[in-house]
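What follows is target28.cif (mmCIF, C-alpha atoms).
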```cif
data_structure
loop_
_atom_site.label_atom_id
_atom_site.label_comp_id
_atom_site.auth_asym_id
_atom_site.auth_seq_id
_atom_site.Cartn_x
_atom_site.Cartn_y
_atom_site.Cartn_z
CA MET P 1 27.05 -21.67 37.45
CA ASP P 2 27.86 -25.27 38.50
CA LYS P 3 26.41 -26.55 35.22
CA CYS P 4 28.67 -24.15 33.32
CA LYS P 5 31.72 -25.28 35.31
CA SER P 6 30.96 -28.96 34.66
CA LYS P 7 30.54 -28.25 30.88
CA GLY P 8 33.90 -26.46 30.85
CA GLN P 9 35.52 -29.42 32.60
CA SER P 10 34.12 -31.95 30.12
CA ASP P 11 35.22 -29.73 27.19
CA PHE P 12 38.72 -29.63 28.68
CA MET P 13 38.70 -33.43 29.10
CA GLY P 14 37.68 -33.78 25.42
CA LEU P 15 40.61 -31.59 24.42
CA VAL P 16 43.00 -33.68 26.54
CA VAL P 17 41.68 -36.89 24.90
CA ILE P 18 42.20 -35.38 21.40
CA VAL P 19 45.76 -34.32 22.27
CA LEU P 20 46.48 -37.82 23.65
CA ILE P 21 45.16 -39.47 20.48
CA PHE P 22 47.26 -37.08 18.41
CA ILE P 23 50.42 -37.92 20.41
CA VAL P 24 49.78 -41.67 20.08
CA ALA P 25 49.28 -41.30 16.29
CA ILE P 26 52.49 -39.27 15.92
CA SER P 27 54.43 -41.86 17.98
CA PHE P 28 53.12 -44.63 15.70
CA ILE P 29 54.22 -42.77 12.58
CA LEU P 30 57.63 -42.00 14.08
CA PHE P 31 58.08 -45.61 15.22
CA PHE P 32 57.32 -47.01 11.76
CA SER P 33 59.35 -44.46 9.85
CA MET P 34 62.39 -44.90 12.12
CA ARG P 35 62.16 -48.66 11.86
CA GLU P 36 62.11 -48.33 8.07
CA ASN P 37 65.38 -46.38 8.10
CA GLY P 38 66.89 -48.73 10.66
CA GLY P 39 69.20 -51.08 8.82
CA ASP P 40 69.23 -51.74 5.12
CA PHE P 41 71.26 -54.92 5.14
CA SER P 42 71.29 -55.57 1.41
CA SER P 43 72.41 -52.02 0.60
CA SER P 44 75.28 -52.25 3.07
CA LEU P 45 76.28 -55.70 1.78
CA ASP P 46 76.13 -54.38 -1.76
CA LYS P 47 78.47 -51.47 -0.99
CA ASN P 48 80.91 -53.64 0.99
CA LEU P 49 81.09 -56.15 -1.83
CA HIS P 50 81.59 -53.45 -4.44
CA THR P 51 84.36 -51.60 -2.59
CA SER P 52 86.55 -54.67 -2.05
CA ASN P 53 85.86 -56.19 -5.50
CA THR P 54 86.40 -52.92 -7.33
CA ILE P 55 89.79 -52.26 -5.75
CA SER P 56 91.09 -55.80 -6.29
CA SER P 57 89.78 -55.93 -9.87
CA ILE P 58 91.23 -52.54 -10.81
CA LEU P 59 94.65 -53.35 -9.36
CA GLN P 60 95.10 -56.56 -11.32
CA THR P 61 93.90 -55.19 -14.67
CA ASN P 62 96.48 -54.89 -17.45
CA THR P 63 96.42 -51.49 -19.15
CA LEU P 64 97.17 -50.57 -22.76
CA CYS P 65 100.47 -49.10 -21.58
CA ARG P 66 102.91 -51.94 -22.33
CA ASP P 67 100.46 -54.32 -20.60
CA LEU P 68 101.50 -52.93 -17.22
CA THR P 69 98.98 -53.62 -14.48
CA VAL P 70 97.25 -50.71 -12.76
CA SER P 71 99.07 -51.59 -9.54
CA GLN P 72 102.46 -51.33 -11.33
CA ILE P 73 101.55 -47.89 -12.71
CA ILE P 74 100.30 -46.78 -9.29
CA GLU P 75 103.64 -47.81 -7.75
CA GLN P 76 105.52 -45.72 -10.34
CA CYS P 77 103.12 -42.84 -9.65
CA ALA P 78 103.69 -43.01 -5.89
CA TRP P 79 107.48 -43.49 -6.16
CA THR P 80 108.85 -40.73 -8.46
CA ASN P 81 105.96 -40.10 -10.83
CA ASN P 82 108.35 -40.84 -13.71
CA TRP P 83 108.00 -43.75 -16.07
CA VAL P 84 110.33 -46.71 -15.67
CA GLY P 85 110.99 -47.61 -19.32
CA ASN P 86 109.00 -46.15 -22.21
CA SER P 87 106.43 -43.57 -21.23
CA CYS P 88 102.75 -43.68 -22.10
CA ARG P 89 100.50 -40.73 -22.83
CA SER P 90 96.95 -40.23 -21.69
CA ALA P 91 94.41 -37.44 -22.13
CA SER P 92 95.41 -35.76 -18.84
CA GLY P 93 99.19 -35.80 -19.35
CA ASP P 94 102.41 -37.79 -19.63
CA SER P 95 103.09 -38.94 -16.07
CA PRO P 96 102.18 -42.31 -14.51
CA CYS P 97 99.79 -40.52 -12.12
CA ASP P 98 97.96 -38.89 -15.05
CA TYR P 99 97.75 -42.22 -16.85
CA ALA P 100 96.52 -44.09 -13.76
CA ASN P 101 94.03 -41.31 -13.04
CA ASP P 102 92.49 -41.59 -16.52
CA VAL P 103 92.32 -45.38 -16.53
CA ILE P 104 90.87 -45.65 -13.00
CA SER P 105 88.35 -42.85 -13.65
CA LEU P 106 87.10 -44.70 -16.73
CA MET P 107 86.75 -48.02 -14.88
CA LEU P 108 85.00 -46.45 -11.89
CA HIS P 109 82.65 -44.47 -14.08
CA GLU P 110 81.67 -47.48 -16.20
CA SER P 111 81.24 -49.88 -13.28
CA LEU P 112 79.89 -47.77 -10.39
CA SER P 113 78.36 -44.50 -11.55
CA GLN P 114 74.90 -45.98 -12.22
CA GLN P 115 74.54 -47.26 -8.67
CA PHE P 116 76.76 -45.20 -6.38
CA ASP P 117 78.45 -41.91 -5.75
CA TYR P 118 82.11 -42.59 -5.10
CA SER P 119 85.51 -41.14 -4.35
CA PHE P 120 88.94 -42.66 -4.97
CA LEU P 121 92.19 -41.54 -3.33
CA LEU P 122 95.78 -42.71 -3.66
CA GLU P 123 98.01 -41.52 -0.83
CA THR P 124 101.51 -42.40 0.34
CA GLU P 125 102.58 -42.53 3.95
CA PHE P 126 104.88 -39.50 3.56
CA SER P 127 102.97 -37.04 1.36
CA GLN P 128 100.21 -34.76 2.62
CA GLU P 129 98.54 -34.40 -0.77
CA PRO P 130 96.96 -37.42 -2.49
CA SER P 131 98.79 -38.51 -5.65
CA ILE P 132 95.49 -39.40 -7.32
CA GLU P 133 92.16 -37.89 -6.34
CA ILE P 134 88.97 -38.85 -8.18
CA ILE P 135 85.85 -37.26 -6.70
CA PRO P 136 83.10 -36.90 -9.34
CA SER P 137 80.46 -35.96 -6.74
CA GLN P 138 80.33 -35.39 -3.00
CA CYS P 139 79.32 -38.46 -1.00
CA MET P 140 76.15 -37.96 1.07
CA GLY P 141 74.27 -40.45 3.24
CA GLU P 142 75.51 -43.85 4.36
CA GLN P 143 79.08 -44.49 3.24
CA VAL P 144 81.28 -47.56 3.03
CA THR P 145 85.04 -46.99 2.82
CA LYS P 146 87.75 -49.52 2.12
CA VAL P 147 91.45 -48.81 2.46
CA GLN P 148 93.85 -51.10 0.63
CA PRO P 149 97.52 -50.76 1.63
CA LEU P 150 100.24 -51.70 -0.88
CA SER P 151 104.00 -51.85 -0.55
CA TYR P 152 106.20 -50.09 -3.10
CA SER P 153 109.89 -49.13 -3.39
CA GLY P 154 109.40 -45.96 -1.33
CA GLY P 155 107.33 -47.43 1.50
CA LYS P 156 103.58 -47.91 1.73
CA LEU P 157 100.76 -46.46 -0.31
CA PHE P 158 97.07 -46.46 0.53
CA ILE P 159 94.18 -46.78 -1.86
CA THR P 160 90.90 -45.50 -0.44
CA LEU P 161 87.60 -46.14 -2.16
CA THR P 162 84.39 -44.70 -0.67
CA LEU P 163 80.95 -45.62 -1.93
CA CYS P 164 77.64 -44.07 -0.96
CA ASP P 165 74.07 -44.09 -2.19
CA ILE P 166 73.42 -42.02 -5.26
CA GLN P 167 71.56 -38.76 -4.46
CA MET K 1 13.28 -30.06 25.71
CA ASP K 2 12.75 -31.95 22.42
CA LYS K 3 14.88 -29.43 20.60
CA LYS K 4 17.70 -29.82 23.11
CA ALA K 5 17.60 -33.61 22.75
CA GLN K 6 17.67 -33.25 18.96
CA ILE K 7 20.75 -30.99 19.18
CA GLN K 8 22.48 -33.48 21.46
CA THR K 9 21.69 -36.36 19.07
CA MET K 10 23.05 -34.32 16.16
CA GLU K 11 26.16 -33.57 18.21
CA THR K 12 26.68 -37.30 18.92
CA ILE K 13 26.18 -38.17 15.24
CA LEU K 14 28.70 -35.49 14.25
CA VAL K 15 31.26 -36.78 16.75
CA LEU K 16 30.76 -40.35 15.51
CA PHE K 17 31.07 -39.16 11.90
CA VAL K 18 34.38 -37.41 12.63
CA PHE K 19 35.56 -40.46 14.56
CA PHE K 20 34.84 -42.83 11.67
CA ILE K 21 36.51 -40.48 9.20
CA LEU K 22 39.63 -40.49 11.39
CA LEU K 23 39.43 -44.28 11.66
CA ALA K 24 39.11 -44.60 7.87
CA LEU K 25 42.11 -42.31 7.37
CA ALA K 26 44.15 -44.38 9.83
CA MET K 27 43.15 -47.57 8.01
CA ILE K 28 44.12 -46.09 4.63
CA PHE K 29 47.48 -44.97 6.05
CA TYR K 30 48.14 -48.38 7.56
CA VAL K 31 47.19 -50.32 4.41
CA ALA K 32 49.35 -48.03 2.22
CA TYR K 33 52.23 -48.35 4.66
CA SER K 34 51.93 -52.12 4.90
CA ASN K 35 51.78 -52.43 1.07
CA SER K 36 54.88 -50.30 0.59
CA GLN K 37 56.62 -52.25 3.35
CA SER K 38 55.90 -55.62 1.72
CA GLU K 39 57.03 -54.27 -1.66
CA ARG K 40 60.22 -53.02 -0.02
CA ASN K 41 60.78 -56.39 1.63
CA LEU K 42 60.29 -58.13 -1.73
CA ILE K 43 62.82 -55.82 -3.41
CA ASN K 44 65.29 -56.39 -0.55
CA THR K 45 64.87 -60.16 -0.77
CA MET K 46 65.34 -60.11 -4.54
CA ASP K 47 68.45 -57.94 -4.11
CA ILE K 48 69.93 -60.38 -1.61
CA LEU K 49 69.13 -63.36 -3.86
CA SER K 50 70.67 -61.57 -6.86
CA GLY K 51 73.78 -60.83 -4.82
CA GLU K 52 73.96 -64.43 -3.68
CA LEU K 53 73.66 -65.67 -7.26
CA ALA K 54 76.29 -63.17 -8.45
CA LEU K 55 78.70 -64.41 -5.77
CA THR K 56 77.97 -68.03 -6.72
CA VAL K 57 78.67 -67.29 -10.39
CA SER K 58 81.86 -65.33 -9.66
CA ASN K 59 83.19 -68.32 -7.70
CA LEU K 60 81.97 -70.99 -10.09
CA PRO K 61 84.81 -73.45 -10.92
CA GLU K 62 83.47 -73.57 -14.49
CA LEU K 63 84.32 -69.87 -14.88
CA HIS K 64 87.01 -69.15 -12.32
CA SER K 65 90.46 -68.41 -13.65
CA SER K 66 93.49 -70.16 -12.22
CA GLN K 67 97.18 -70.28 -12.97
CA GLN K 68 99.04 -73.45 -12.05
CA GLY K 69 96.12 -74.45 -9.86
CA VAL K 70 95.99 -71.17 -7.96
CA GLY K 71 92.80 -69.19 -8.47
CA GLY K 72 92.82 -65.41 -8.83
CA ILE K 73 90.61 -63.05 -6.83
CA ASN K 74 87.37 -62.13 -8.66
CA ASN K 75 89.02 -63.43 -11.77
CA LEU K 76 87.10 -65.22 -14.54
CA ASP K 77 88.62 -66.92 -17.55
CA SER K 78 87.44 -65.68 -20.95
CA TYR K 79 87.88 -69.14 -22.55
CA LYS K 80 85.81 -70.73 -19.79
CA ILE K 81 83.11 -68.08 -20.21
CA GLN K 82 82.88 -68.91 -23.90
CA ALA K 83 82.95 -72.66 -23.16
CA LEU K 84 80.17 -72.43 -20.58
CA TYR K 85 78.05 -70.36 -22.96
CA ASN K 86 78.57 -72.99 -25.71
CA VAL K 87 77.64 -75.84 -23.36
CA ILE K 88 74.51 -74.16 -21.98
CA SER K 89 73.26 -73.09 -25.40
CA SER K 90 73.88 -76.41 -27.17
CA ASP K 91 73.44 -79.16 -24.58
CA GLU K 92 69.88 -79.49 -23.23
CA ASP K 93 70.91 -81.72 -20.28
CA ALA K 94 73.57 -79.24 -19.19
CA ARG K 95 71.05 -76.44 -19.55
CA LEU K 96 68.67 -78.26 -17.20
CA VAL K 97 71.45 -78.61 -14.61
CA TYR K 98 72.07 -74.86 -14.70
CA ILE K 99 68.35 -74.06 -14.63
CA SER K 100 68.11 -75.94 -11.33
CA ARG K 101 71.05 -73.88 -10.01
CA PHE K 102 70.34 -70.41 -11.38
CA GLY K 103 66.54 -70.53 -11.72
CA GLU K 104 64.86 -67.75 -13.67
CA SER K 105 67.71 -65.34 -14.16
CA LYS K 106 69.98 -63.71 -16.69
CA ILE K 107 73.76 -63.64 -16.31
CA ILE K 108 75.79 -61.24 -18.41
CA ILE K 109 79.56 -60.69 -18.28
CA LYS K 110 80.71 -57.37 -19.71
CA GLU K 111 84.24 -56.33 -20.52
CA ILE K 112 84.64 -52.59 -19.86
CA TYR K 113 88.37 -51.85 -20.22
CA PRO K 114 90.34 -51.79 -22.48
CA SER K 115 87.73 -52.87 -25.06
CA GLN K 116 84.00 -53.46 -24.66
CA LYS K 117 82.48 -56.91 -25.10
CA ASN K 118 79.42 -58.73 -23.76
CA TRP K 119 78.79 -62.40 -23.06
CA THR K 120 75.29 -63.52 -22.11
CA VAL K 121 76.34 -66.71 -20.35
CA TYR K 122 72.89 -67.78 -19.19
CA ASP K 123 69.44 -66.47 -20.05
CA ASN K 124 66.33 -68.00 -18.55
CA SER K 125 64.29 -64.82 -18.13
CA PRO K 126 60.50 -65.03 -17.89
CA GLU K 127 58.58 -63.93 -20.97
CA ASN K 128 57.17 -60.66 -19.66
CA THR K 129 60.16 -59.09 -17.92
CA GLU K 130 58.70 -55.59 -18.41
CA GLU K 131 55.94 -56.44 -15.94
CA ILE K 132 58.42 -57.42 -13.22
CA ASP K 133 59.49 -53.94 -12.23
CA PHE K 134 60.85 -54.86 -8.78
CA VAL K 135 63.85 -56.75 -10.18
CA ARG K 136 67.03 -54.71 -10.35
CA PRO K 137 70.32 -55.90 -11.82
CA PHE K 138 73.14 -56.73 -9.43
CA PHE K 139 76.64 -55.80 -10.58
CA ILE K 140 79.99 -57.07 -9.34
CA PRO K 141 83.24 -55.65 -10.72
CA ILE K 142 85.47 -58.51 -11.87
CA THR K 143 88.66 -59.20 -13.78
CA ILE K 144 88.51 -61.33 -16.90
CA HIS K 145 91.68 -63.25 -17.69
CA GLU K 146 92.54 -63.60 -21.36
CA PRO K 147 94.94 -66.53 -21.65
CA SER K 148 98.21 -66.33 -23.54
CA ASP K 149 98.26 -65.87 -27.30
CA ASN K 150 100.88 -64.97 -29.94
CA LEU K 151 101.03 -61.34 -28.76
CA ASN K 152 101.03 -61.94 -25.04
CA SER K 153 102.84 -64.98 -23.67
CA ILE K 154 101.45 -64.86 -20.13
CA GLY K 155 97.97 -63.64 -20.90
CA LYS K 156 96.41 -60.49 -19.50
CA ASN K 157 93.62 -59.31 -17.25
CA VAL K 158 90.88 -56.99 -18.43
CA PHE K 159 88.34 -55.14 -16.28
CA GLY K 160 84.67 -55.99 -16.45
CA ILE K 161 81.44 -56.43 -14.55
CA LEU K 162 79.25 -59.41 -13.82
CA GLU K 163 75.59 -58.44 -14.19
CA VAL K 164 72.90 -60.66 -12.70
CA TRP K 165 69.12 -60.28 -13.12
CA TYR K 166 67.31 -62.63 -10.75
CA TYR K 167 63.56 -63.19 -11.27
CA GLY K 168 63.01 -66.03 -8.82
#
```

Once more with this new file: its structure as structure tokens, please.
Amino acid sequence: MDKCKSKGQSDFMGLVVIVLIFIVAISFILFFSMRENGGDFSSSLDKNLHTSNTISSILQTNTLCRDLTVSQIIEQCAWTNNWVGNSCRSASGDSPCDYANDVISLMLHESLSQQFDYSFLLETEFSQEPSIEIIPSQCMGEQVTKVQPLSYSGGKLFITLTLCDIQ
Amino acid sequence: MDKKAQIQTMETILVLFVFFILLALAMIFYVAYSNSQSERNLINTMDILSGELALTVSNLPELHSSQQGVGGINNLDSYKIQALYNVISSDEDARLVYISRFGESKIIIKEIYPSQKNWTVYDNSPENTEEIDFVRPFFIPITIHEPSDNLNSIGKNVFGILEVWYYG
């Protein structure tokens, strides 16, 4: 009977040792996998650089519409959404917002779509709805957002560009 | 008694066998993990170096656009791009200077809007670039300034990207 009890005890000890080894192995795997996801410095740097450069480059680009810069068209879009001077047509419509939307969509698509998912918003301090909203796909995962304020005749407008890893 | 001893020996051998199999599996896991980790580190390092080179190129006085001595933000001059390309492709001494600065890399400037153009400013890629699969291009959106001409008295800015492939 005693022999049986001692065998049972050693079997139980064996089981405990196996469970302990299993827990240690799982902790190792968790430790390494969490460390891997910890901080991807280059990816974050990449996104930060792209958000600020993209906004500044887009704003100072001259369009085909009377050589107006994108920032000038955006100001007209945010102010009355009517052209000052001769109007320009784009695929989406006749207004400055439509024109800016088409030009910015093209630039973002050609420069960012291979590397990032993105969203672009143009809002004014008074309106609830964004004047321009470009969201080709929903942003998932780590995001970097940059907000660029600009002054125009009616107050302030805000350009928001969000970049995230492509899914 | 002999039979019992034989069974116990077999049991010990079986336990040792299972133990070594587990050990081998752990070793395989660790080696695979460590290989993927070093590959990841290499890719990260190359990404950072590409980014660094892209920033250097975008701020290079030889390319940077300026008006009355004031430089624009992320703004390159299309005449300077063409001039640098001409110098690097025709003057061997100048090429050596840029090789020491840019190393084995390829620098392309692309105009995206309103028209589409490409300038390969510098190309010192290794021969078998297909074999180097860990190198990814680094892009920076930029503005390219086209100086004044008969149609446009103050010049204009076009949108483009700076593409850098860094091989080491």

For chain P against chain K, which residues fall within 6 Å using all atoms listed in the file, given as a ChimeraX atom specification?
/P:42,53-54,57,61-62

Generate the output file for the selected residues, C-alpha atoms, as a PDB file, in the frame of the given file.
```
ATOM      1  CA  SER P  42      71.290 -55.570   1.410  1.00  0.00           C
ATOM      2  CA  ASN P  53      85.860 -56.190  -5.500  1.00  0.00           C
ATOM      3  CA  THR P  54      86.400 -52.920  -7.330  1.00  0.00           C
ATOM      4  CA  SER P  57      89.780 -55.930  -9.870  1.00  0.00           C
ATOM      5  CA  THR P  61      93.900 -55.190 -14.670  1.00  0.00           C
ATOM      6  CA  ASN P  62      96.480 -54.890 -17.450  1.00  0.00           C
TER       7      ASN P  62
END
```

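Picture a line from atom CA of K:Thr9 to atom CA of P:Val24; it runs 28.6 Å.
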
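The two atoms in question, atom CA of K:Gly103 and atom CA of K:Asn35, are spaced 26.6 Å apart.
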
Could you give me, as a PyMOL selection string, the residues within 9 Å of P:Tyr118, counting only C-alpha atoms and dropping anything in the same chain fewer than 4 positions from it?
chain P and resi 108+112-113+134-139+161-166

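Put simply, the PyMOL selection byres ((chain P and resi 84) around 12) in this file takes in Cys65, Arg66, Leu68, Gln72, Ile73, Ile74, Glu75, Gln76, Cys77, Trp79, Thr80, Asn81, Asn82, Trp83, Gly85, Asn86, Ser87, Cys88, Ser95 and Pro96 of chain P.
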
Nearest residue to K:Glu52 out of K:Leu14, K:Ser78, K:Arg101, K:Asp93, using all atoms listed in the file?
K:Arg101

Counting all atoms listed in the file, which of K:Ser36, K:Ser65, K:Asn124, K:Ser90 gets nearest to K:Lys106?
K:Asn124

Could you jot down the atom CA of K:Pro126 to atom CA of K:Val87 separation for me, Å, one decimal place?
21.0 Å

Of the candidates P:Ser92, P:Thr51, P:Glu129, P:Met140, which shows the shortest atom-to-atom distance to P:Thr160, using only C-alpha atoms?
P:Thr51

What lies within 9 Å of P:Gly155 using all atoms listed in the file, ignoring chain neighbours under 2 positions off, as a list in words?
Trp79, Thr124, Glu125, Phe126, Leu150, Ser151, Tyr152, Ser153 and Leu157 of chain P

Run through the PyMOL selection byres ((chain P and resi 101) around 12) on the given coordinates and return the selected residues as number ranges by chain.
P: 58, 70-71, 73-74, 77, 89-100, 102-109, 120-122, 130-135

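Using only C-alpha atoms, the nearest neighbour of K:Ile154 within the list P:Lys146, P:Asp11, P:Phe28, P:Asp67 is P:Asp67.
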